[in-house]
$ cat entry_0.txt   # compact mmCIF, C-alpha atoms
# COMPACT_ATOMS: atom_id res chain seq x y z
CA GLN J 2 182.67 -53.16 -8.52
CA LYS J 3 183.95 -56.36 -10.06
CA GLU J 4 182.53 -57.38 -13.43
CA VAL J 5 181.79 -60.87 -12.14
CA GLU J 6 180.77 -61.55 -8.55
CA GLN J 7 180.89 -64.98 -6.99
CA ASP J 8 180.60 -65.97 -3.34
CA PRO J 9 183.89 -67.64 -2.35
CA GLY J 10 182.22 -69.93 0.19
CA PRO J 11 183.16 -72.43 1.47
CA LEU J 12 179.94 -74.28 0.75
CA SER J 13 179.63 -77.53 2.66
CA VAL J 14 176.99 -80.10 1.73
CA PRO J 15 176.39 -83.74 2.65
CA GLU J 16 176.91 -86.41 0.04
CA GLY J 17 173.87 -86.82 -2.20
CA ALA J 18 172.64 -83.25 -1.75
CA ILE J 19 172.21 -80.72 -4.53
CA VAL J 20 174.95 -78.13 -4.82
CA SER J 21 173.76 -74.73 -5.98
CA LEU J 22 176.28 -72.20 -7.24
CA ASN J 23 175.75 -68.82 -8.83
CA CYS J 24 177.39 -65.71 -10.22
CA THR J 25 176.18 -62.26 -11.03
CA TYR J 26 177.71 -59.95 -13.58
CA SER J 27 177.47 -56.35 -14.63
CA ASN J 28 178.42 -56.34 -18.32
CA SER J 29 175.34 -57.07 -20.44
CA ALA J 30 177.59 -57.72 -23.45
CA PHE J 31 178.70 -61.10 -22.14
CA GLN J 32 177.39 -63.85 -24.40
CA TYR J 33 179.32 -67.00 -23.43
CA PHE J 34 179.04 -68.34 -19.91
CA MET J 35 181.25 -71.09 -18.57
CA TRP J 36 181.70 -73.12 -15.42
CA TYR J 37 185.11 -74.51 -14.55
CA ARG J 38 186.16 -76.91 -11.84
CA GLN J 39 189.54 -76.46 -10.21
CA TYR J 40 191.10 -78.91 -7.81
CA SER J 41 193.68 -77.66 -5.37
CA ARG J 42 196.90 -76.59 -7.09
CA LYS J 43 195.64 -77.64 -10.50
CA GLY J 44 194.49 -75.80 -13.58
CA PRO J 45 190.78 -75.29 -14.23
CA GLU J 46 188.86 -77.72 -16.39
CA LEU J 47 185.75 -76.78 -18.33
CA LEU J 48 182.55 -78.35 -17.04
CA MET J 49 179.91 -76.63 -19.12
CA TYR J 50 179.36 -73.66 -21.32
CA THR J 51 176.21 -71.90 -22.43
CA TYR J 52 175.69 -69.44 -25.21
CA SER J 53 173.25 -66.63 -24.39
CA SER J 54 170.27 -67.41 -22.15
CA GLY J 55 168.74 -70.74 -21.29
CA ASN J 56 169.40 -74.03 -19.57
CA LYS J 57 171.81 -76.80 -20.35
CA GLU J 58 172.07 -80.20 -18.77
CA ASP J 59 174.94 -82.66 -18.81
CA GLY J 60 174.65 -85.66 -16.55
CA ARG J 61 174.47 -84.46 -12.96
CA PHE J 62 175.23 -80.87 -13.95
CA THR J 63 172.74 -78.20 -14.99
CA ALA J 64 173.73 -74.69 -16.02
CA GLN J 65 171.27 -71.83 -16.20
CA VAL J 66 171.70 -68.36 -17.63
CA ASP J 67 169.29 -65.51 -17.03
CA LYS J 68 170.59 -62.57 -19.02
CA SER J 69 167.74 -60.30 -17.98
CA SER J 70 168.89 -60.63 -14.37
CA LYS J 71 172.59 -60.97 -15.24
CA TYR J 72 172.66 -64.15 -13.18
CA ILE J 73 174.02 -67.60 -13.90
CA SER J 74 173.76 -70.81 -11.92
CA LEU J 75 175.25 -74.26 -11.76
CA PHE J 76 173.50 -77.15 -10.04
CA ILE J 77 175.18 -80.42 -9.16
CA ARG J 78 172.78 -83.24 -8.35
CA ASP J 79 173.63 -86.28 -6.24
CA SER J 80 176.86 -84.67 -5.10
CA GLN J 81 179.85 -86.89 -4.39
CA PRO J 82 182.96 -86.30 -2.26
CA SER J 83 184.90 -86.22 -5.55
CA ASP J 84 182.95 -83.07 -6.44
CA SER J 85 184.82 -81.24 -3.69
CA ALA J 86 186.70 -78.52 -5.54
CA THR J 87 186.57 -74.85 -6.36
CA TYR J 88 184.04 -73.92 -9.04
CA LEU J 89 184.70 -70.83 -11.11
CA CYS J 90 182.27 -69.09 -13.39
CA ALA J 91 183.67 -67.32 -16.43
CA MET J 92 182.27 -65.19 -19.20
CA SER J 93 183.32 -63.78 -22.52
CA LEU J 94 181.98 -61.19 -24.88
CA THR J 95 180.29 -61.50 -28.20
CA ASP J 96 182.69 -63.77 -30.03
CA SER J 97 184.02 -67.14 -29.04
CA TRP J 98 187.60 -65.99 -29.27
CA GLY J 99 187.12 -63.42 -26.55
CA LYS J 100 189.00 -63.10 -23.29
CA LEU J 101 187.56 -64.80 -20.25
CA GLN J 102 186.47 -62.86 -17.19
CA PHE J 103 186.47 -65.14 -14.14
CA GLY J 104 184.61 -65.03 -10.87
CA ALA J 105 186.54 -65.56 -7.66
CA GLY J 106 185.45 -69.19 -7.39
CA THR J 107 183.34 -70.98 -4.79
CA GLN J 108 184.94 -73.68 -2.71
CA VAL J 109 182.65 -76.69 -2.38
CA VAL J 110 183.11 -79.44 0.20
CA VAL J 111 180.97 -82.57 -0.08
CA THR J 112 181.11 -84.56 3.13
CA PRO J 113 180.57 -88.34 3.14
CA GLY N 87 193.20 -84.95 -26.38
CA ALA N 88 193.69 -81.22 -25.81
CA VAL N 89 196.40 -81.50 -23.17
CA VAL N 90 198.40 -78.51 -22.00
CA SER N 91 201.48 -78.97 -19.87
CA GLN N 92 203.51 -76.54 -17.80
CA HIS N 93 207.05 -76.78 -16.57
CA PRO N 94 208.11 -76.49 -13.85
CA SER N 95 205.14 -77.25 -11.65
CA TRP N 96 206.82 -75.62 -8.67
CA VAL N 97 209.78 -73.30 -8.35
CA ILE N 98 211.47 -71.43 -5.52
CA CYS N 99 213.92 -68.68 -6.33
CA LYS N 100 215.80 -65.88 -4.64
CA SER N 101 214.71 -62.29 -4.94
CA GLY N 102 216.28 -60.60 -7.95
CA THR N 103 216.63 -63.70 -10.09
CA SER N 104 214.67 -64.55 -13.23
CA VAL N 105 212.41 -67.54 -13.68
CA LYS N 106 211.17 -69.05 -16.94
CA ILE N 107 207.92 -71.01 -17.14
CA GLU N 108 207.04 -73.11 -20.17
CA CYS N 109 203.58 -73.83 -21.53
CA ARG N 110 203.15 -76.52 -24.14
CA SER N 111 200.16 -77.80 -26.08
CA LEU N 112 200.92 -81.50 -26.40
CA ASP N 113 198.45 -82.74 -28.97
CA PHE N 114 197.23 -79.69 -30.83
CA GLN N 115 198.51 -76.49 -32.35
CA ALA N 116 197.73 -73.34 -30.46
CA THR N 117 197.79 -70.06 -32.29
CA THR N 118 196.85 -68.26 -29.11
CA MET N 119 197.97 -68.89 -25.56
CA PHE N 120 196.98 -66.98 -22.45
CA TRP N 121 198.84 -66.39 -19.21
CA TYR N 122 196.98 -65.97 -15.94
CA ARG N 123 197.99 -65.31 -12.36
CA GLN N 124 196.02 -66.57 -9.40
CA PHE N 125 196.54 -65.50 -5.80
CA PRO N 126 195.21 -67.71 -2.98
CA LYS N 127 191.42 -67.79 -2.87
CA GLN N 128 191.22 -65.28 -5.68
CA SER N 129 190.16 -65.45 -9.27
CA LEU N 130 192.33 -66.03 -12.30
CA MET N 131 193.55 -62.71 -13.61
CA LEU N 132 194.55 -62.53 -17.24
CA MET N 133 198.06 -61.16 -17.62
CA ALA N 134 198.60 -61.36 -21.35
CA THR N 135 197.52 -62.93 -24.60
CA SER N 136 200.25 -64.54 -26.63
CA ASN N 137 199.96 -65.06 -30.38
CA GLU N 138 202.43 -67.23 -32.25
CA GLY N 139 204.98 -65.19 -34.14
CA SER N 140 203.93 -61.82 -32.78
CA LYS N 141 204.27 -59.71 -29.66
CA ALA N 142 202.10 -60.48 -26.69
CA THR N 143 199.25 -58.22 -25.68
CA TYR N 144 199.41 -57.30 -22.01
CA GLU N 145 196.50 -56.41 -19.76
CA GLN N 146 196.38 -53.06 -18.10
CA GLY N 147 198.65 -52.90 -15.09
CA VAL N 148 200.89 -55.80 -16.14
CA GLU N 149 204.51 -54.75 -16.71
CA LYS N 150 205.65 -56.09 -20.04
CA ASP N 151 209.31 -55.64 -19.16
CA LYS N 152 208.90 -57.68 -16.02
CA PHE N 153 206.81 -60.49 -17.49
CA LEU N 154 208.42 -61.43 -20.79
CA ILE N 155 206.36 -63.64 -23.03
CA ASN N 156 207.63 -65.51 -26.05
CA HIS N 157 205.44 -67.62 -28.34
CA ALA N 158 207.98 -68.99 -30.76
CA SER N 159 206.02 -71.96 -32.07
CA LEU N 160 202.46 -73.24 -32.32
CA THR N 161 203.04 -75.53 -29.33
CA LEU N 162 205.20 -73.50 -26.96
CA SER N 163 204.89 -70.24 -25.08
CA THR N 164 207.20 -69.10 -22.29
CA LEU N 165 206.73 -66.61 -19.49
CA THR N 166 209.86 -65.19 -17.89
CA VAL N 167 209.50 -63.35 -14.60
CA THR N 168 212.49 -61.02 -14.54
CA SER N 169 214.05 -59.76 -11.32
CA ALA N 170 211.47 -61.58 -9.28
CA HIS N 171 210.40 -60.24 -5.90
CA PRO N 172 208.34 -61.80 -3.09
CA GLU N 173 205.21 -60.01 -4.30
CA ASP N 174 205.51 -61.97 -7.57
CA SER N 175 204.92 -65.20 -5.65
CA SER N 176 201.75 -66.66 -7.12
CA PHE N 177 200.21 -69.49 -9.11
CA TYR N 178 200.78 -68.94 -12.83
CA ILE N 179 198.49 -70.76 -15.24
CA CYS N 180 198.56 -70.85 -19.01
CA SER N 181 195.82 -71.83 -21.41
CA ALA N 182 195.75 -72.53 -25.12
CA ARG N 183 193.21 -72.50 -27.89
CA ASP N 184 193.25 -75.08 -30.65
CA ARG N 185 194.06 -73.38 -33.94
CA LEU N 186 191.67 -75.60 -35.79
CA GLY N 187 189.07 -76.56 -33.26
CA ALA N 188 185.69 -75.10 -32.54
CA HIS N 189 182.87 -76.78 -30.72
CA LEU N 190 179.63 -76.29 -32.56
CA THR N 191 176.36 -76.69 -30.81
CA SER N 192 172.92 -75.24 -31.36
CA GLY N 193 174.18 -72.86 -34.01
CA SER N 194 176.85 -71.31 -31.83
CA SER N 195 180.52 -72.01 -31.67
CA TYR N 196 182.82 -71.83 -28.74
CA ASN N 197 186.53 -72.27 -29.02
CA GLU N 198 187.53 -73.69 -25.68
CA GLN N 199 190.61 -72.64 -23.77
CA PHE N 200 192.46 -75.63 -22.38
CA PHE N 201 194.33 -74.92 -19.17
CA GLY N 202 197.66 -76.16 -17.98
CA PRO N 203 198.17 -77.51 -14.45
CA GLY N 204 199.81 -74.31 -13.25
CA THR N 205 203.20 -73.34 -11.84
CA ARG N 206 203.60 -72.28 -8.25
CA LEU N 207 206.27 -69.62 -7.91
CA THR N 208 207.72 -68.75 -4.52
CA VAL N 209 210.21 -65.89 -4.35
CA LEU N 210 212.24 -65.71 -1.16

$ encode --input "entry_0.txt" --output "structure tokens"
Amino acid sequence: QKEVEQDPGPLSVPEGAIVSLNCTYSNSAFQYFMWYRQYSRKGPELLMYTYSSGNKEDGRFTAQVDKSSKYISLFIRDSQPSDSATYLCAMSLTDSWGKLQFGAGTQVVVTP
Amino acid sequence: GAVVSQHPSWVICKSGTSVKIECRSLDFQATTMFWYRQFPKQSLMLMATSNEGSKATYEQGVEKDKFLINHASLTLSTLTVTSAHPEDSSFYICSARDRLGAHLTSGSSYNEQFFGPGTRLTVL
């Protein structure tokens, strides 16, 4: 069993819809939870990070962490074609210098 | 700020040859750099952690003699794939952490890894 599970998709949504992404994990020691966006043949870029449980909002993006369920989510409101990319969740252990454990990434396609 | 570059962005080589990939932090000093490998439609897999001035720490299953890592300065780390074979064909991505930076919010700190654009290696 992988430490971090993420549905690879693809997930296709019409422009303006809400994109809902999620990951589950098995290691309860994870404390930092990140979402990265990766365009084709490019390196990942950090979208949001959350420490421990709770919600965090940044513009059209909302990240949620439910440690009791070992489940994290990313919501993208008012999706745009430019949001079409692969979204990877990542996690690290108890200190902020820890190694990142990535999910497989979900490919998102926003159609005009 | 916080830009990481990689060179080359794309390389094709013959089986048995060695290939060197450079990772540079352009506007910050990086004590620690990481090397990842990503196969198509798969996750990033950490290969090794590179600390300036010391030997790299390799993940389980990664051959240190095949993937040579050198971190000679605070802005440059290199990955050399020795005696490359077709199964080494992959997308190699580096990341770097700012030696000085930490993002503080709500009482917690997170020292972000900044990723390079990746190098696509094809071994014929």

$ interface_residues --input "entry_0.txt" --of "chain J" --to "chain N" --cutoff "6 Å" --atoms "only C-alpha atoms" --output "PyMOL selection string"
chain J and resi 43-44+97+104-105

$ atom_distance --input "entry_0.txt" --atom1 "atom CA of J:Trp36" --atom2 "atom CA of J:Ser85"
14.6 Å

$ closest_residue --input "entry_0.txt" --among "J:Arg38, J:Lys100, J:Lys3, J:Arg78" --to "J:Glu58" --atoms "only C-alpha atoms"
J:Arg78

$ closest_residue --input "entry_0.txt" --among "J:Leu47, J:Val5, J:Met35, J:Val111" --to "J:Asp79" --atoms "all atoms listed in the file"
J:Val111

$ residues_around --input "entry_0.txt" --residues "stretch 6-21 of chain J" --least-positions-apart "5" --cutoff "12 Å" --atoms "all atoms listed in the file" --output "tab-separated table (two decimals) with C-alpha atoms, in the coordinates of the input"
chain	number	residue	atom	x	y	z
J	26	TYR	CA	177.71	-59.95	-13.58
J	27	SER	CA	177.47	-56.35	-14.63
J	28	ASN	CA	178.42	-56.34	-18.32
J	36	TRP	CA	181.70	-73.12	-15.42
J	61	ARG	CA	174.47	-84.46	-12.96
J	62	PHE	CA	175.23	-80.87	-13.95
J	63	THR	CA	172.74	-78.20	-14.99
J	64	ALA	CA	173.73	-74.69	-16.02
J	65	GLN	CA	171.27	-71.83	-16.20
J	71	LYS	CA	172.59	-60.97	-15.24
J	72	TYR	CA	172.66	-64.15	-13.18
J	73	ILE	CA	174.02	-67.60	-13.90
J	74	SER	CA	173.76	-70.81	-11.92
J	75	LEU	CA	175.25	-74.26	-11.76
J	76	PHE	CA	173.50	-77.15	-10.04
J	77	ILE	CA	175.18	-80.42	-9.16
J	78	ARG	CA	172.78	-83.24	-8.35
J	79	ASP	CA	173.63	-86.28	-6.24
J	80	SER	CA	176.86	-84.67	-5.10
J	81	GLN	CA	179.85	-86.89	-4.39
J	82	PRO	CA	182.96	-86.30	-2.26
J	83	SER	CA	184.90	-86.22	-5.55
J	84	ASP	CA	182.95	-83.07	-6.44
J	85	SER	CA	184.82	-81.24	-3.69
J	86	ALA	CA	186.70	-78.52	-5.54
J	87	THR	CA	186.57	-74.85	-6.36
J	88	TYR	CA	184.04	-73.92	-9.04
J	89	LEU	CA	184.70	-70.83	-11.11
J	90	CYS	CA	182.27	-69.09	-13.39
J	91	ALA	CA	183.67	-67.32	-16.43
J	92	MET	CA	182.27	-65.19	-19.20
J	102	GLN	CA	186.47	-62.86	-17.19
J	103	PHE	CA	186.47	-65.14	-14.14
J	104	GLY	CA	184.61	-65.03	-10.87
J	105	ALA	CA	186.54	-65.56	-7.66
J	106	GLY	CA	185.45	-69.19	-7.39
J	107	THR	CA	183.34	-70.98	-4.79
J	108	GLN	CA	184.94	-73.68	-2.71
J	109	VAL	CA	182.65	-76.69	-2.38
J	110	VAL	CA	183.11	-79.44	0.20
J	111	VAL	CA	180.97	-82.57	-0.08
J	112	THR	CA	181.11	-84.56	3.13
J	113	PRO	CA	180.57	-88.34	3.14
N	126	PRO	CA	195.21	-67.71	-2.98
N	127	LYS	CA	191.42	-67.79	-2.87
N	128	GLN	CA	191.22	-65.28	-5.68
N	129	SER	CA	190.16	-65.45	-9.27

$ atom_distance --input "entry_0.txt" --atom1 "atom CA of N:Thr103" --atom2 "atom CA of N:Val209"
8.9 Å

$ closest_residue --input "entry_0.txt" --among "N:Thr166, N:Glu173, N:Ala88, N:Phe153" --to "N:Asp113" --atoms "only C-alpha atoms"
N:Ala88

$ closest_residue --input "entry_0.txt" --among "N:Ser111, N:Gln146, N:Asn137, N:Thr208" --to "N:Pro172" --atoms "all atoms listed in the file"
N:Thr208

$ residues_around --input "entry_0.txt" --residues "J:Ser69" --least-positions-apart "5" --cutoff "12 Å" --atoms "all atoms listed in the file" --output "compact mmCIF listing (two decimals) with C-alpha atoms, keeping the file's coordinate frame"
# COMPACT_ATOMS: atom_id res chain seq x y z
CA THR J 25 176.18 -62.26 -11.03
CA TYR J 26 177.71 -59.95 -13.58
CA SER J 27 177.47 -56.35 -14.63
CA ASN J 28 178.42 -56.34 -18.32
CA SER J 29 175.34 -57.07 -20.44
CA ALA J 30 177.59 -57.72 -23.45
CA PHE J 31 178.70 -61.10 -22.14
CA SER J 53 173.25 -66.63 -24.39
CA SER J 54 170.27 -67.41 -22.15
CA GLY J 55 168.74 -70.74 -21.29

$ residues_around --input "entry_0.txt" --residues "N:Ser163" --least-positions-apart "2" --cutoff "9 Å" --atoms "all atoms listed in the file" --output "MDAnalysis selection string"
chainID N and resid 107:111 119:120 136:138 155:161 165 180

$ decode --input "entry_0.txt" --residues "stretch 117-129 of chain N" --atoms "all heavy atoms" --output "PDB file, in the first residue's frame"
ATOM      1  N   THR N 117      21.296  25.209   1.067  1.00  0.00           N
ATOM      2  CA  THR N 117      22.111  24.236   1.779  1.00  0.00           C
ATOM      3  C   THR N 117      21.741  22.818   1.361  1.00  0.00           C
ATOM      4  O   THR N 117      22.589  21.944   1.302  1.00  0.00           O
ATOM      5  CB  THR N 117      21.894  24.370   3.293  1.00  0.00           C
ATOM      6  OG1 THR N 117      22.052  25.719   3.675  1.00  0.00           O
ATOM      7  CG2 THR N 117      22.875  23.501   4.047  1.00  0.00           C
ATOM      8  N   THR N 118      20.466  22.637   1.081  1.00  0.00           N
ATOM      9  CA  THR N 118      19.973  21.304   0.756  1.00  0.00           C
ATOM     10  C   THR N 118      19.271  21.318  -0.596  1.00  0.00           C
ATOM     11  O   THR N 118      18.446  22.189  -0.855  1.00  0.00           O
ATOM     12  CB  THR N 118      18.976  20.809   1.828  1.00  0.00           C
ATOM     13  OG1 THR N 118      19.605  20.861   3.101  1.00  0.00           O
ATOM     14  CG2 THR N 118      18.530  19.386   1.533  1.00  0.00           C
ATOM     15  N   MET N 119      19.616  20.359  -1.414  1.00  0.00           N
ATOM     16  CA  MET N 119      18.938  20.154  -2.686  1.00  0.00           C
ATOM     17  C   MET N 119      18.478  18.700  -2.759  1.00  0.00           C
ATOM     18  O   MET N 119      19.095  17.816  -2.159  1.00  0.00           O
ATOM     19  CB  MET N 119      19.853  20.485  -3.866  1.00  0.00           C
ATOM     20  CG  MET N 119      20.143  21.970  -4.010  1.00  0.00           C
ATOM     21  SD  MET N 119      21.155  22.321  -5.469  1.00  0.00           S
ATOM     22  CE  MET N 119      21.069  24.102  -5.521  1.00  0.00           C
ATOM     23  N   PHE N 120      17.401  18.480  -3.463  1.00  0.00           N
ATOM     24  CA  PHE N 120      16.821  17.151  -3.589  1.00  0.00           C
ATOM     25  C   PHE N 120      16.748  16.775  -5.063  1.00  0.00           C
ATOM     26  O   PHE N 120      16.518  17.624  -5.921  1.00  0.00           O
ATOM     27  CB  PHE N 120      15.398  17.131  -3.011  1.00  0.00           C
ATOM     28  CG  PHE N 120      15.307  17.562  -1.570  1.00  0.00           C
ATOM     29  CD1 PHE N 120      15.209  18.908  -1.240  1.00  0.00           C
ATOM     30  CD2 PHE N 120      15.304  16.631  -0.553  1.00  0.00           C
ATOM     31  CE1 PHE N 120      15.117  19.316   0.073  1.00  0.00           C
ATOM     32  CE2 PHE N 120      15.211  17.027   0.774  1.00  0.00           C
ATOM     33  CZ  PHE N 120      15.127  18.374   1.086  1.00  0.00           C
ATOM     34  N   TRP N 121      16.921  15.511  -5.337  1.00  0.00           N
ATOM     35  CA  TRP N 121      16.778  14.988  -6.689  1.00  0.00           C
ATOM     36  C   TRP N 121      15.639  13.978  -6.724  1.00  0.00           C
ATOM     37  O   TRP N 121      15.590  13.050  -5.916  1.00  0.00           O
ATOM     38  CB  TRP N 121      18.067  14.338  -7.168  1.00  0.00           C
ATOM     39  CG  TRP N 121      19.131  15.342  -7.485  1.00  0.00           C
ATOM     40  CD1 TRP N 121      20.133  15.773  -6.672  1.00  0.00           C
ATOM     41  CD2 TRP N 121      19.269  16.062  -8.716  1.00  0.00           C
ATOM     42  NE1 TRP N 121      20.900  16.711  -7.325  1.00  0.00           N
ATOM     43  CE2 TRP N 121      20.397  16.912  -8.575  1.00  0.00           C
ATOM     44  CE3 TRP N 121      18.578  16.078  -9.927  1.00  0.00           C
ATOM     45  CZ2 TRP N 121      20.840  17.758  -9.596  1.00  0.00           C
ATOM     46  CZ3 TRP N 121      19.006  16.914 -10.941  1.00  0.00           C
ATOM     47  CH2 TRP N 121      20.125  17.742 -10.778  1.00  0.00           C
ATOM     48  N   TYR N 122      14.731  14.193  -7.695  1.00  0.00           N
ATOM     49  CA  TYR N 122      13.583  13.326  -7.868  1.00  0.00           C
ATOM     50  C   TYR N 122      13.596  12.735  -9.275  1.00  0.00           C
ATOM     51  O   TYR N 122      14.161  13.296 -10.210  1.00  0.00           O
ATOM     52  CB  TYR N 122      12.270  14.113  -7.718  1.00  0.00           C
ATOM     53  CG  TYR N 122      12.016  14.698  -6.350  1.00  0.00           C
ATOM     54  CD1 TYR N 122      12.555  15.920  -5.976  1.00  0.00           C
ATOM     55  CD2 TYR N 122      11.191  14.032  -5.440  1.00  0.00           C
ATOM     56  CE1 TYR N 122      12.300  16.468  -4.726  1.00  0.00           C
ATOM     57  CE2 TYR N 122      10.919  14.571  -4.191  1.00  0.00           C
ATOM     58  CZ  TYR N 122      11.484  15.793  -3.845  1.00  0.00           C
ATOM     59  OH  TYR N 122      11.219  16.332  -2.607  1.00  0.00           O
ATOM     60  N   ARG N 123      12.890  11.623  -9.408  1.00  0.00           N
ATOM     61  CA  ARG N 123      12.670  11.023 -10.720  1.00  0.00           C
ATOM     62  C   ARG N 123      11.165  10.833 -10.881  1.00  0.00           C
ATOM     63  O   ARG N 123      10.475  10.447  -9.917  1.00  0.00           O
ATOM     64  CB  ARG N 123      13.400   9.682 -10.813  1.00  0.00           C
ATOM     65  CG  ARG N 123      13.273   8.985 -12.146  1.00  0.00           C
ATOM     66  CD  ARG N 123      14.286   7.868 -12.281  1.00  0.00           C
ATOM     67  NE  ARG N 123      14.242   6.938 -11.175  1.00  0.00           N
ATOM     68  CZ  ARG N 123      15.084   5.908 -11.040  1.00  0.00           C
ATOM     69  NH1 ARG N 123      16.012   5.704 -11.942  1.00  0.00           N
ATOM     70  NH2 ARG N 123      14.991   5.112 -10.023  1.00  0.00           N
ATOM     71  N   GLN N 124      10.689  11.116 -12.071  1.00  0.00           N
ATOM     72  CA  GLN N 124       9.258  11.006 -12.329  1.00  0.00           C
ATOM     73  C   GLN N 124       9.033  10.275 -13.642  1.00  0.00           C
ATOM     74  O   GLN N 124       9.433  10.755 -14.702  1.00  0.00           O
ATOM     75  CB  GLN N 124       8.608  12.388 -12.368  1.00  0.00           C
ATOM     76  CG  GLN N 124       7.092  12.357 -12.500  1.00  0.00           C
ATOM     77  CD  GLN N 124       6.477  13.748 -12.499  1.00  0.00           C
ATOM     78  OE1 GLN N 124       7.086  14.697 -12.991  1.00  0.00           O
ATOM     79  NE2 GLN N 124       5.272  13.873 -11.948  1.00  0.00           N
ATOM     80  N   PHE N 125       8.381   9.118 -13.569  1.00  0.00           N
ATOM     81  CA  PHE N 125       7.999   8.382 -14.763  1.00  0.00           C
ATOM     82  C   PHE N 125       6.628   8.877 -15.209  1.00  0.00           C
ATOM     83  O   PHE N 125       5.874   9.434 -14.405  1.00  0.00           O
ATOM     84  CB  PHE N 125       7.997   6.880 -14.488  1.00  0.00           C
ATOM     85  CG  PHE N 125       9.380   6.325 -14.254  1.00  0.00           C
ATOM     86  CD1 PHE N 125       9.793   5.962 -12.978  1.00  0.00           C
ATOM     87  CD2 PHE N 125      10.272   6.186 -15.305  1.00  0.00           C
ATOM     88  CE1 PHE N 125      11.074   5.462 -12.756  1.00  0.00           C
ATOM     89  CE2 PHE N 125      11.546   5.683 -15.096  1.00  0.00           C
ATOM     90  CZ  PHE N 125      11.952   5.332 -13.812  1.00  0.00           C
ATOM     91  N   PRO N 126       6.294   8.676 -16.495  1.00  0.00           N
ATOM     92  CA  PRO N 126       5.027   9.201 -17.019  1.00  0.00           C
ATOM     93  C   PRO N 126       3.829   8.792 -16.182  1.00  0.00           C
ATOM     94  O   PRO N 126       3.682   7.636 -15.818  1.00  0.00           O
ATOM     95  CB  PRO N 126       4.960   8.602 -18.427  1.00  0.00           C
ATOM     96  CG  PRO N 126       6.392   8.404 -18.812  1.00  0.00           C
ATOM     97  CD  PRO N 126       7.096   8.021 -17.546  1.00  0.00           C
ATOM     98  N   LYS N 127       3.025   9.776 -15.843  1.00  0.00           N
ATOM     99  CA  LYS N 127       1.793   9.589 -15.073  1.00  0.00           C
ATOM    100  C   LYS N 127       2.046   8.950 -13.713  1.00  0.00           C
ATOM    101  O   LYS N 127       1.159   8.292 -13.155  1.00  0.00           O
ATOM    102  CB  LYS N 127       0.786   8.773 -15.887  1.00  0.00           C
ATOM    103  CG  LYS N 127       0.381   9.473 -17.175  1.00  0.00           C
ATOM    104  CD  LYS N 127      -0.834   8.865 -17.824  1.00  0.00           C
ATOM    105  CE  LYS N 127      -1.227   9.654 -19.067  1.00  0.00           C
ATOM    106  NZ  LYS N 127      -2.443   9.160 -19.706  1.00  0.00           N
ATOM    107  N   GLN N 128       3.234   9.137 -13.202  1.00  0.00           N
ATOM    108  CA  GLN N 128       3.535   8.644 -11.866  1.00  0.00           C
ATOM    109  C   GLN N 128       4.031   9.784 -10.988  1.00  0.00           C
ATOM    110  O   GLN N 128       4.295  10.891 -11.453  1.00  0.00           O
ATOM    111  CB  GLN N 128       4.588   7.529 -11.928  1.00  0.00           C
ATOM    112  CG  GLN N 128       4.084   6.271 -12.590  1.00  0.00           C
ATOM    113  CD  GLN N 128       5.061   5.129 -12.447  1.00  0.00           C
ATOM    114  OE1 GLN N 128       5.834   5.056 -11.488  1.00  0.00           O
ATOM    115  NE2 GLN N 128       5.035   4.204 -13.390  1.00  0.00           N
ATOM    116  N   SER N 129       4.135   9.485  -9.717  1.00  0.00           N
ATOM    117  CA  SER N 129       4.504  10.521  -8.767  1.00  0.00           C
ATOM    118  C   SER N 129       5.999  10.818  -8.818  1.00  0.00           C
ATOM    119  O   SER N 129       6.780  10.092  -9.423  1.00  0.00           O
ATOM    120  CB  SER N 129       4.126  10.047  -7.366  1.00  0.00           C
ATOM    121  OG  SER N 129       4.424  11.047  -6.421  1.00  0.00           O
TER     122      SER N 129
END
